[in-house]
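Notes for the one structure printed next.
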Amino acid sequence: MERKPFISVIMPVYNAEQYVKQAVESVLSQTFTDLEIICVNDASSDDSLSILLDLQNADSRVKVIDSSENVGAGGARNLGLEAANGSYITFMDADDAIEPDLYERAAAVAKSDDVDEVVWGLIEEHYDAADRLVRTVPIVPKALTVTEPRELTELIVKLEEDTLFGYQWNSLYRAEIIEEHQIRFEKALFYEDYFFNLDFAKHMRSLATMDFAGYHYFKRVNASITHRFTKDYFDLSYRRVESMYKFCCDCECVDQTVYTVLGNKLLRYTLSALSRNHNPLAQMGWKQQQQWAKEQIKRPLYSDLLSQAHVSNPAFSVLRFLIRHRLGWLMVWMGKIVFSIMR
């Protein structure tokens with residue numbers, strides 16, 4: 001019988017030859033050693049697979065899955081889940097790094113509190129085009145352990161507010177729950193991590209957060225907004241807010257905090273979508289954009305959330321005013337201004 005490690009680390013790898021060795025070694029050098037790392041090569045066209053095989057030959061804790069088909073990060077994580085043997089599951093991206101004692105700390109919390117999930121903080125490390133570190137942003141939750149249903153929901157909303165709920169690599173998940181309920185990543189361009197976490201949250205009974213920024217999230221220069229456009233961006237963003245709102249309603253935990261957190265999220269996603277509509281790749285004229293704005297603000301969440309939300313961001317306050325008065329043409333102009341600034 002194959003040994004059952006305490007933690008399975010799943011890492012999707014796609015054309016990451018420049019970073020993957022460092023990422024894997026940051027797992028292998030952990031002070032906590034009762035782990036396996038499952039690296040899923042997602043049909044890379046560079047030298048990633050060769051690097052992974054060398055690492056596998058050097059350390060028996062490394063397992064390599066070679067996918068001949070490119071299935072995306074979520075699909076690669078699903079392949080890893082099928083092969084995982086750990087009592088707890090976590091994830092890592094192939095171009096990031098972790099603190100040497102992260103898993104030791106997380107495992108200690110999981111064991112002492114016997115919780116279904118442990119969440120830790122992160123450090124965003126922003127790099128310029130020359131790959132020089134220009135800014136670091138730590139995001140760290142308070143140390144808490146909750147087991148009551150209402151407290152669980154309130155903590156999940158707080159993690160969403162702090163932008164910590166939308167990742168999968170800052171959590172340790174009880175594997176039994178994932179397998180019992182067949183929780184898997186969707187095939188989506190955005191938010192597959194978020195929907196995985198929300199599916200898991202529906203079944204967990206305990207949650208702990210660590211006041212430790214153990215994950216280094218390297219944010220390197222991407223293409224400008226002019227070169228980024230995804231048709232489904234707003235539909236997926238709306239669904240993100242809608243699904244969290246439904247989760248809170250089902251848990252009978254809708255209060256002022258929920259209205260404020262989710263209302264501000266909805267305004268942010270709306271403003272971002274209005275800006276993206278000006279991207280030439282969207283192929284939308286002014287009349288089409290006005291019609292789009294008028295149609296979107298008919299959706300139920302706008303009336304459900306915005307009348308109750310406390311909004312402090314001046315841009316969001318203006319946008320809420322325009323939405324309330326159905327001023328679609330001014331919403332389009334507002335998107336144009338943001339696009340001009342961001343491009």
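Residues in the structure tokens are numbered from 1 in each chain, the chains being A, B, ... in the order shown, and ligands are numbered from 1 in the order shown.
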
Write down as a PyMOL selection string the residues of segment 25-188 of chain A whose backbone DSSP state falls under strand (DSSP E or B).
-> chain A and resi 35-42+62-67+88-91+97-98+117-127+133-139+144-146+171-174

Would you kindly return, as a VMD selection string, each protein, DNA or RNA residue with an atom no farther than 8 Å from any atom of segment 100-109 of chain A, considering only C-alpha atoms and excluding same-chain residues fewer than 5 positions away?
-> chain A and resid 26 to 27 29 to 32 114 to 115 118 120 172 208 210 214 to 215

Using only C-alpha atoms, determine which residues lie at most 8 Å from Thr209 of chain A, disregarding the query and same-chain residues fewer than 6 positions distant; provide the list as a PDB file with N, CA and C atoms, in the first residue's frame.
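Generated file (selection.pdb):
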ATOM      1  N   VAL A 118      -7.515  25.355   6.490  1.00  0.00           N
ATOM      2  CA  VAL A 118      -6.630  26.358   7.098  1.00  0.00           C
ATOM      3  C   VAL A 118      -6.272  27.360   6.007  1.00  0.00           C
ATOM      4  N   VAL A 119      -6.430  28.640   6.293  1.00  0.00           N
ATOM      5  CA  VAL A 119      -6.127  29.701   5.330  1.00  0.00           C
ATOM      6  C   VAL A 119      -5.011  30.581   5.882  1.00  0.00           C
ATOM      7  N   TRP A 120      -4.027  30.899   5.046  1.00  0.00           N
ATOM      8  CA  TRP A 120      -2.946  31.782   5.464  1.00  0.00           C
ATOM      9  C   TRP A 120      -2.876  33.004   4.551  1.00  0.00           C
ATOM     10  N   PRO A 141      -4.621  37.633   7.259  1.00  0.00           N
ATOM     11  CA  PRO A 141      -5.826  37.594   8.090  1.00  0.00           C
ATOM     12  C   PRO A 141      -5.475  37.533   9.570  1.00  0.00           C
ATOM     13  N   LYS A 142      -6.459  37.756  10.416  1.00  0.00           N
ATOM     14  CA  LYS A 142      -6.283  37.537  11.844  1.00  0.00           C
ATOM     15  C   LYS A 142      -6.323  36.036  12.123  1.00  0.00           C
ATOM     16  N   ALA A 143      -5.667  35.628  13.194  1.00  0.00           N
ATOM     17  CA  ALA A 143      -5.674  34.220  13.578  1.00  0.00           C
ATOM     18  C   ALA A 143      -6.992  33.899  14.278  1.00  0.00           C
ATOM     19  N   LEU A 144      -7.780  33.019  13.661  1.00  0.00           N
ATOM     20  CA  LEU A 144      -9.084  32.642  14.202  1.00  0.00           C
ATOM     21  C   LEU A 144      -9.347  31.171  13.923  1.00  0.00           C
ATOM     22  N   THR A 145     -10.165  30.564  14.753  1.00  0.00           N
ATOM     23  CA  THR A 145     -10.718  29.242  14.474  1.00  0.00           C
ATOM     24  C   THR A 145     -12.208  29.300  14.760  1.00  0.00           C
TER      25      THR A 145
END

Could you give me the residues within segment 48-115 of chain A that DSSP places in alpha helix (DSSP H), as a ChimeraX atom specification?
-> /A:48-58,72-83,102-113

Generate the output file for the selected residues, N, CA and C atoms, as a JSON list (two decimals), in the first residue's frame.
[["chain", "number", "residue", "atom", "x", "y", "z"],
["A", 48, "SER", "N", 9.91, 22.47, -19.52],
["A", 48, "SER", "CA", 9.36, 22.23, -18.18],
["A", 48, "SER", "C", 9.34, 20.75, -17.81],
["A", 49, "LEU", "N", 8.90, 19.89, -18.73],
["A", 49, "LEU", "CA", 8.78, 18.46, -18.42],
["A", 49, "LEU", "C", 10.14, 17.86, -18.05],
["A", 50, "SER", "N", 11.17, 18.21, -18.81],
["A", 50, "SER", "CA", 12.50, 17.67, -18.52],
["A", 50, "SER", "C", 12.97, 18.08, -17.13],
["A", 51, "ILE", "N", 12.71, 19.32, -16.77],
["A", 51, "ILE", "CA", 13.09, 19.80, -15.44],
["A", 51, "ILE", "C", 12.33, 19.04, -14.36],
["A", 52, "LEU", "N", 11.05, 18.81, -14.58],
["A", 52, "LEU", "CA", 10.23, 18.08, -13.61],
["A", 52, "LEU", "C", 10.72, 16.64, -13.45],
["A", 53, "LEU", "N", 11.06, 15.99, -14.53],
["A", 53, "LEU", "CA", 11.52, 14.61, -14.46],
["A", 53, "LEU", "C", 12.84, 14.51, -13.70],
["A", 54, "ASP", "N", 13.71, 15.50, -13.88],
["A", 54, "ASP", "CA", 14.96, 15.52, -13.11],
["A", 54, "ASP", "C", 14.67, 15.66, -11.62],
["A", 55, "LEU", "N", 13.72, 16.51, -11.28],
["A", 55, "LEU", "CA", 13.35, 16.70, -9.88],
["A", 55, "LEU", "C", 12.72, 15.43, -9.31],
["A", 56, "GLN", "N", 11.94, 14.73, -10.10],
["A", 56, "GLN", "CA", 11.32, 13.48, -9.67],
["A", 56, "GLN", "C", 12.39, 12.42, -9.40],
["A", 57, "ASN", "N", 13.40, 12.37, -10.26],
["A", 57, "ASN", "CA", 14.48, 11.40, -10.09],
["A", 57, "ASN", "C", 15.32, 11.68, -8.84],
["A", 58, "ALA", "N", 15.35, 12.95, -8.45],
["A", 58, "ALA", "CA", 16.19, 13.35, -7.32],
["A", 58, "ALA", "C", 15.48, 13.23, -5.97],
["A", 72, "GLY", "N", -5.55, 23.48, -19.19],
["A", 72, "GLY", "CA", -5.66, 24.69, -18.37],
["A", 72, "GLY", "C", -5.31, 24.41, -16.92],
["A", 73, "ALA", "N", -5.13, 25.48, -16.15],
["A", 73, "ALA", "CA", -4.69, 25.33, -14.76],
["A", 73, "ALA", "C", -5.69, 24.55, -13.93],
["A", 74, "GLY", "N", -6.99, 24.84, -14.10],
["A", 74, "GLY", "CA", -8.01, 24.12, -13.34],
["A", 74, "GLY", "C", -8.04, 22.65, -13.69],
["A", 75, "GLY", "N", -7.98, 22.33, -14.98],
["A", 75, "GLY", "CA", -7.98, 20.94, -15.42],
["A", 75, "GLY", "C", -6.75, 20.20, -14.92],
["A", 76, "ALA", "N", -5.60, 20.88, -14.91],
["A", 76, "ALA", "CA", -4.38, 20.25, -14.41],
["A", 76, "ALA", "C", -4.49, 19.97, -12.91],
["A", 77, "ARG", "N", -5.09, 20.89, -12.18],
["A", 77, "ARG", "CA", -5.30, 20.65, -10.75],
["A", 77, "ARG", "C", -6.23, 19.47, -10.54],
["A", 78, "ASN", "N", -7.23, 19.33, -11.38],
["A", 78, "ASN", "CA", -8.14, 18.18, -11.27],
["A", 78, "ASN", "C", -7.40, 16.86, -11.48],
["A", 79, "LEU", "N", -6.47, 16.84, -12.44],
["A", 79, "LEU", "CA", -5.66, 15.65, -12.65],
["A", 79, "LEU", "C", -4.83, 15.34, -11.41],
["A", 80, "GLY", "N", -4.32, 16.40, -10.79],
["A", 80, "GLY", "CA", -3.56, 16.22, -9.56],
["A", 80, "GLY", "C", -4.41, 15.69, -8.42],
["A", 81, "LEU", "N", -5.65, 16.15, -8.33],
["A", 81, "LEU", "CA", -6.55, 15.68, -7.29],
["A", 81, "LEU", "C", -6.81, 14.18, -7.42],
["A", 82, "GLU", "N", -6.90, 13.70, -8.65],
["A", 82, "GLU", "CA", -7.14, 12.27, -8.86],
["A", 82, "GLU", "C", -5.97, 11.42, -8.36],
["A", 83, "ALA", "N", -4.78, 11.99, -8.36],
["A", 83, "ALA", "CA", -3.58, 11.23, -7.97],
["A", 83, "ALA", "C", -3.16, 11.49, -6.53],
["A", 102, "LEU", "N", 6.04, 27.25, 6.15],
["A", 102, "LEU", "CA", 4.60, 27.43, 5.92],
["A", 102, "LEU", "C", 3.81, 26.17, 6.24],
["A", 103, "TYR", "N", 4.19, 25.06, 5.65],
["A", 103, "TYR", "CA", 3.40, 23.84, 5.82],
["A", 103, "TYR", "C", 3.52, 23.28, 7.24],
["A", 104, "GLU", "N", 4.63, 23.52, 7.90],
["A", 104, "GLU", "CA", 4.75, 23.10, 9.30],
["A", 104, "GLU", "C", 3.74, 23.86, 10.16],
["A", 105, "ARG", "N", 3.64, 25.14, 9.93],
["A", 105, "ARG", "CA", 2.68, 25.95, 10.68],
["A", 105, "ARG", "C", 1.24, 25.55, 10.36],
["A", 106, "ALA", "N", 0.93, 25.37, 9.09],
["A", 106, "ALA", "CA", -0.43, 25.03, 8.68],
["A", 106, "ALA", "C", -0.82, 23.65, 9.19],
["A", 107, "ALA", "N", 0.09, 22.69, 9.10],
["A", 107, "ALA", "CA", -0.19, 21.33, 9.57],
["A", 107, "ALA", "C", -0.43, 21.33, 11.08],
["A", 108, "ALA", "N", 0.31, 22.15, 11.81],
["A", 108, "ALA", "CA", 0.14, 22.23, 13.26],
["A", 108, "ALA", "C", -1.26, 22.73, 13.61],
["A", 109, "VAL", "N", -1.73, 23.73, 12.87],
["A", 109, "VAL", "CA", -3.09, 24.25, 13.10],
["A", 109, "VAL", "C", -4.13, 23.21, 12.75],
["A", 110, "ALA", "N", -3.94, 22.55, 11.60],
["A", 110, "ALA", "CA", -4.90, 21.53, 11.16],
["A", 110, "ALA", "C", -5.00, 20.40, 12.18],
["A", 111, "LYS", "N", -3.87, 19.99, 12.74],
["A", 111, "LYS", "CA", -3.86, 18.89, 13.70],
["A", 111, "LYS", "C", -4.41, 19.30, 15.05],
["A", 112, "SER", "N", -4.00, 20.45, 15.54],
["A", 112, "SER", "CA", -4.41, 20.86, 16.89],
["A", 112, "SER", "C", -5.89, 21.23, 16.95],
["A", 113, "ASP", "N", -6.40, 21.88, 15.90],
["A", 113, "ASP", "CA", -7.80, 22.31, 15.90],
["A", 113, "ASP", "C", -8.72, 21.37, 15.13]]

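The smallest atom-to-atom distance between Ser340 of chain A and any of A:Arg150, A:Arg276, A:Arg239, A:His203, using only C-alpha atoms, is found for A:Arg276.
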
Nearest candidate to Trp169 of chain A (options A:Val9, A:Met204, A:Ala188, A:Ile123; using only C-alpha atoms) | A:Val9

Fewer than 4 positions away in the same chain doesn't count, so skip those; otherwise give me all residues within 12 Å of Thr230 of chain A, counting only C-alpha atoms, as number ranges by chain.
-> A: 188-190, 225-226, 234-237, 272-273, 276-277, 279-283

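Across the structure, atom CA of Gln291 of chain A and atom CA of Leu305 of chain A are spaced 22.0 Å apart.
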
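Minimum atom-to-atom distance to Glu99 of chain A, evaluated using only C-alpha atoms, belongs to A:His216 out of A:His216, A:Glu17, A:Asp211, A:Gln22.
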
May I have the residues within 6 Å of Ser206 of chain A as a tab-separated table (two decimals) with C-alpha atoms, in the first residue's frame, using only C-alpha atoms and disregarding those fewer than 6 positions away in the same chain?
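That gives us selection-v7.tsv:
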chain	number	residue	atom	x	y	z
A	115	VAL	CA	-10.30	21.83	11.09
A	116	ASP	CA	-11.53	21.25	7.57
A	146	VAL	CA	-14.47	29.05	13.93
A	147	THR	CA	-16.92	26.17	14.02

Need the shell around Tyr173 of chain A: protein/DNA/RNA residues with any atom at most 8 Å away, counting only C-alpha atoms. Skip same-chain ones fewer than 3 positions apart. Format as a PDB file with all heavy atoms, in the first residue's frame?
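Final output, saved to out.pdb:
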ATOM      1  N   TYR A  88      -4.582  16.071   3.658  1.00  0.00           N
ATOM      2  CA  TYR A  88      -4.944  17.440   3.305  1.00  0.00           C
ATOM      3  C   TYR A  88      -4.346  17.774   1.938  1.00  0.00           C
ATOM      4  O   TYR A  88      -3.307  17.235   1.556  1.00  0.00           O
ATOM      5  CB  TYR A  88      -4.436  18.445   4.341  1.00  0.00           C
ATOM      6  CG  TYR A  88      -5.275  18.492   5.606  1.00  0.00           C
ATOM      7  CD1 TYR A  88      -5.066  17.572   6.632  1.00  0.00           C
ATOM      8  CD2 TYR A  88      -6.268  19.454   5.777  1.00  0.00           C
ATOM      9  CE1 TYR A  88      -5.833  17.603   7.788  1.00  0.00           C
ATOM     10  CE2 TYR A  88      -7.026  19.497   6.935  1.00  0.00           C
ATOM     11  CZ  TYR A  88      -6.813  18.575   7.935  1.00  0.00           C
ATOM     12  OH  TYR A  88      -7.575  18.609   9.071  1.00  0.00           O
ATOM     13  N   ILE A  89      -5.025  18.665   1.251  1.00  0.00           N
ATOM     14  CA  ILE A  89      -4.604  19.081  -0.092  1.00  0.00           C
ATOM     15  C   ILE A  89      -4.286  20.568  -0.079  1.00  0.00           C
ATOM     16  O   ILE A  89      -5.003  21.362   0.537  1.00  0.00           O
ATOM     17  CB  ILE A  89      -5.723  18.847  -1.133  1.00  0.00           C
ATOM     18  CG1 ILE A  89      -6.210  17.390  -1.116  1.00  0.00           C
ATOM     19  CG2 ILE A  89      -5.269  19.275  -2.523  1.00  0.00           C
ATOM     20  CD1 ILE A  89      -5.224  16.385  -1.629  1.00  0.00           C
ATOM     21  N   THR A  90      -3.222  20.944  -0.762  1.00  0.00           N
ATOM     22  CA  THR A  90      -2.984  22.349  -1.043  1.00  0.00           C
ATOM     23  C   THR A  90      -2.454  22.463  -2.469  1.00  0.00           C
ATOM     24  O   THR A  90      -2.213  21.463  -3.147  1.00  0.00           O
ATOM     25  CB  THR A  90      -2.020  22.994  -0.033  1.00  0.00           C
ATOM     26  OG1 THR A  90      -2.015  24.420  -0.222  1.00  0.00           O
ATOM     27  CG2 THR A  90      -0.598  22.475  -0.200  1.00  0.00           C
ATOM     28  N   ASP A 116     -11.375  21.681   8.951  1.00  0.00           N
ATOM     29  CA  ASP A 116     -11.533  21.246   7.566  1.00  0.00           C
ATOM     30  C   ASP A 116     -10.675  22.063   6.605  1.00  0.00           C
ATOM     31  O   ASP A 116     -10.317  21.576   5.531  1.00  0.00           O
ATOM     32  CB  ASP A 116     -12.999  21.352   7.148  1.00  0.00           C
ATOM     33  CG  ASP A 116     -13.882  20.379   7.913  1.00  0.00           C
ATOM     34  OD1 ASP A 116     -13.375  19.329   8.336  1.00  0.00           O
ATOM     35  OD2 ASP A 116     -15.076  20.670   8.099  1.00  0.00           O
ATOM     36  N   GLU A 117     -10.372  23.303   6.981  1.00  0.00           N
ATOM     37  CA  GLU A 117      -9.564  24.158   6.102  1.00  0.00           C
ATOM     38  C   GLU A 117      -8.738  25.119   6.943  1.00  0.00           C
ATOM     39  O   GLU A 117      -9.208  25.630   7.970  1.00  0.00           O
ATOM     40  CB  GLU A 117     -10.453  24.957   5.134  1.00  0.00           C
ATOM     41  CG  GLU A 117      -9.664  25.819   4.165  1.00  0.00           C
ATOM     42  CD  GLU A 117     -10.555  26.584   3.174  1.00  0.00           C
ATOM     43  OE1 GLU A 117     -11.795  26.406   3.222  1.00  0.00           O
ATOM     44  OE2 GLU A 117      -9.998  27.366   2.363  1.00  0.00           O
ATOM     45  N   VAL A 118      -7.515  25.355   6.490  1.00  0.00           N
ATOM     46  CA  VAL A 118      -6.630  26.358   7.098  1.00  0.00           C
ATOM     47  C   VAL A 118      -6.272  27.360   6.007  1.00  0.00           C
ATOM     48  O   VAL A 118      -5.866  26.970   4.906  1.00  0.00           O
ATOM     49  CB  VAL A 118      -5.340  25.725   7.656  1.00  0.00           C
ATOM     50  CG1 VAL A 118      -4.468  26.801   8.313  1.00  0.00           C
ATOM     51  CG2 VAL A 118      -5.657  24.604   8.639  1.00  0.00           C
ATOM     52  N   ILE A 178     -13.199  16.889  -0.179  1.00  0.00           N
ATOM     53  CA  ILE A 178     -13.057  17.047  -1.630  1.00  0.00           C
ATOM     54  C   ILE A 178     -13.492  15.781  -2.353  1.00  0.00           C
ATOM     55  O   ILE A 178     -14.228  15.834  -3.349  1.00  0.00           O
ATOM     56  CB  ILE A 178     -11.597  17.403  -1.993  1.00  0.00           C
ATOM     57  CG1 ILE A 178     -11.254  18.801  -1.475  1.00  0.00           C
ATOM     58  CG2 ILE A 178     -11.383  17.331  -3.504  1.00  0.00           C
ATOM     59  CD1 ILE A 178      -9.801  19.189  -1.672  1.00  0.00           C
TER      60      ILE A 178
END

Can you tell me, as a VMD selection string, what residues are no more than 7 Å from segment 63-67 of chain A when counting only C-alpha atoms, ignoring any on the same chain fewer than 4 positions away?
-> chain A and resid 37 to 43 52 to 53 56

Restricted to all heavy atoms, what would the selected residues look like written as a PDB file, in the first residue's frame?
ATOM      1  N   ILE A  37       4.540  16.169  -3.624  1.00  0.00           N
ATOM      2  CA  ILE A  37       4.222  17.242  -4.561  1.00  0.00           C
ATOM      3  C   ILE A  37       3.930  16.621  -5.919  1.00  0.00           C
ATOM      4  O   ILE A  37       4.762  15.908  -6.487  1.00  0.00           O
ATOM      5  CB  ILE A  37       5.333  18.316  -4.646  1.00  0.00           C
ATOM      6  CG1 ILE A  37       4.978  19.357  -5.706  1.00  0.00           C
ATOM      7  CG2 ILE A  37       6.704  17.696  -4.881  1.00  0.00           C
ATOM      8  CD1 ILE A  37       5.846  20.601  -5.684  1.00  0.00           C
ATOM      9  N   ILE A  38       2.718  16.882  -6.400  1.00  0.00           N
ATOM     10  CA  ILE A  38       2.269  16.333  -7.675  1.00  0.00           C
ATOM     11  C   ILE A  38       2.333  17.447  -8.710  1.00  0.00           C
ATOM     12  O   ILE A  38       1.575  18.423  -8.648  1.00  0.00           O
ATOM     13  CB  ILE A  38       0.837  15.780  -7.556  1.00  0.00           C
ATOM     14  CG1 ILE A  38       0.786  14.700  -6.480  1.00  0.00           C
ATOM     15  CG2 ILE A  38       0.354  15.244  -8.897  1.00  0.00           C
ATOM     16  CD1 ILE A  38      -0.612  14.255  -6.114  1.00  0.00           C
ATOM     17  N   CYS A  39       3.253  17.325  -9.642  1.00  0.00           N
ATOM     18  CA  CYS A  39       3.455  18.334 -10.681  1.00  0.00           C
ATOM     19  C   CYS A  39       2.778  17.856 -11.964  1.00  0.00           C
ATOM     20  O   CYS A  39       3.115  16.788 -12.486  1.00  0.00           O
ATOM     21  CB  CYS A  39       4.947  18.558 -10.925  1.00  0.00           C
ATOM     22  SG  CYS A  39       5.851  19.092  -9.452  1.00  0.00           S
ATOM     23  N   VAL A  40       1.846  18.628 -12.449  1.00  0.00           N
ATOM     24  CA  VAL A  40       1.101  18.245 -13.645  1.00  0.00           C
ATOM     25  C   VAL A  40       1.586  19.097 -14.812  1.00  0.00           C
ATOM     26  O   VAL A  40       1.310  20.299 -14.880  1.00  0.00           O
ATOM     27  CB  VAL A  40      -0.413  18.432 -13.447  1.00  0.00           C
ATOM     28  CG1 VAL A  40      -1.164  17.942 -14.684  1.00  0.00           C
ATOM     29  CG2 VAL A  40      -0.887  17.684 -12.206  1.00  0.00           C
ATOM     30  N   ASN A  41       2.340  18.482 -15.710  1.00  0.00           N
ATOM     31  CA  ASN A  41       2.811  19.194 -16.894  1.00  0.00           C
ATOM     32  C   ASN A  41       1.656  19.304 -17.891  1.00  0.00           C
ATOM     33  O   ASN A  41       1.189  18.305 -18.440  1.00  0.00           O
ATOM     34  CB  ASN A  41       3.992  18.452 -17.531  1.00  0.00           C
ATOM     35  CG  ASN A  41       4.473  19.157 -18.784  1.00  0.00           C
ATOM     36  OD1 ASN A  41       4.731  20.359 -18.770  1.00  0.00           O
ATOM     37  ND2 ASN A  41       4.564  18.426 -19.883  1.00  0.00           N
ATOM     38  N   ASP A  42       1.215  20.529 -18.108  1.00  0.00           N
ATOM     39  CA  ASP A  42       0.016  20.769 -18.917  1.00  0.00           C
ATOM     40  C   ASP A  42       0.388  20.991 -20.384  1.00  0.00           C
ATOM     41  O   ASP A  42       0.162  22.059 -20.946  1.00  0.00           O
ATOM     42  CB  ASP A  42      -0.748  21.969 -18.346  1.00  0.00           C
ATOM     43  CG  ASP A  42      -2.127  22.130 -18.954  1.00  0.00           C
ATOM     44  OD1 ASP A  42      -2.651  21.150 -19.515  1.00  0.00           O
ATOM     45  OD2 ASP A  42      -2.672  23.247 -18.862  1.00  0.00           O
ATOM     46  N   ALA A  43       0.973  19.962 -20.987  1.00  0.00           N
ATOM     47  CA  ALA A  43       1.369  20.001 -22.400  1.00  0.00           C
ATOM     48  C   ALA A  43       2.281  21.192 -22.699  1.00  0.00           C
ATOM     49  O   ALA A  43       2.102  21.896 -23.702  1.00  0.00           O
ATOM     50  CB  ALA A  43       0.132  20.031 -23.305  1.00  0.00           C
ATOM     51  N   LEU A  52      11.046  18.815 -14.584  1.00  0.00           N
ATOM     52  CA  LEU A  52      10.233  18.081 -13.613  1.00  0.00           C
ATOM     53  C   LEU A  52      10.716  16.640 -13.445  1.00  0.00           C
ATOM     54  O   LEU A  52      10.771  16.122 -12.324  1.00  0.00           O
ATOM     55  CB  LEU A  52       8.763  18.100 -14.041  1.00  0.00           C
ATOM     56  CG  LEU A  52       8.051  19.454 -13.996  1.00  0.00           C
ATOM     57  CD1 LEU A  52       6.641  19.327 -14.565  1.00  0.00           C
ATOM     58  CD2 LEU A  52       8.002  19.993 -12.567  1.00  0.00           C
ATOM     59  N   LEU A  53      11.055  15.995 -14.535  1.00  0.00           N
ATOM     60  CA  LEU A  53      11.520  14.609 -14.459  1.00  0.00           C
ATOM     61  C   LEU A  53      12.838  14.506 -13.699  1.00  0.00           C
ATOM     62  O   LEU A  53      13.056  13.550 -12.936  1.00  0.00           O
ATOM     63  CB  LEU A  53      11.650  14.025 -15.862  1.00  0.00           C
ATOM     64  CG  LEU A  53      10.327  13.827 -16.620  1.00  0.00           C
ATOM     65  CD1 LEU A  53      10.592  13.369 -18.045  1.00  0.00           C
ATOM     66  CD2 LEU A  53       9.427  12.843 -15.889  1.00  0.00           C
ATOM     67  N   GLN A  56      11.937  14.732 -10.104  1.00  0.00           N
ATOM     68  CA  GLN A  56      11.322  13.482  -9.671  1.00  0.00           C
ATOM     69  C   GLN A  56      12.392  12.424  -9.403  1.00  0.00           C
ATOM     70  O   GLN A  56      12.315  11.666  -8.419  1.00  0.00           O
ATOM     71  CB  GLN A  56      10.352  12.984 -10.746  1.00  0.00           C
ATOM     72  CG  GLN A  56       9.673  11.665 -10.407  1.00  0.00           C
ATOM     73  CD  GLN A  56       8.690  11.251 -11.499  1.00  0.00           C
ATOM     74  OE1 GLN A  56       7.489  11.218 -11.284  1.00  0.00           O
ATOM     75  NE2 GLN A  56       9.201  10.942 -12.685  1.00  0.00           N
TER      76      GLN A  56
END
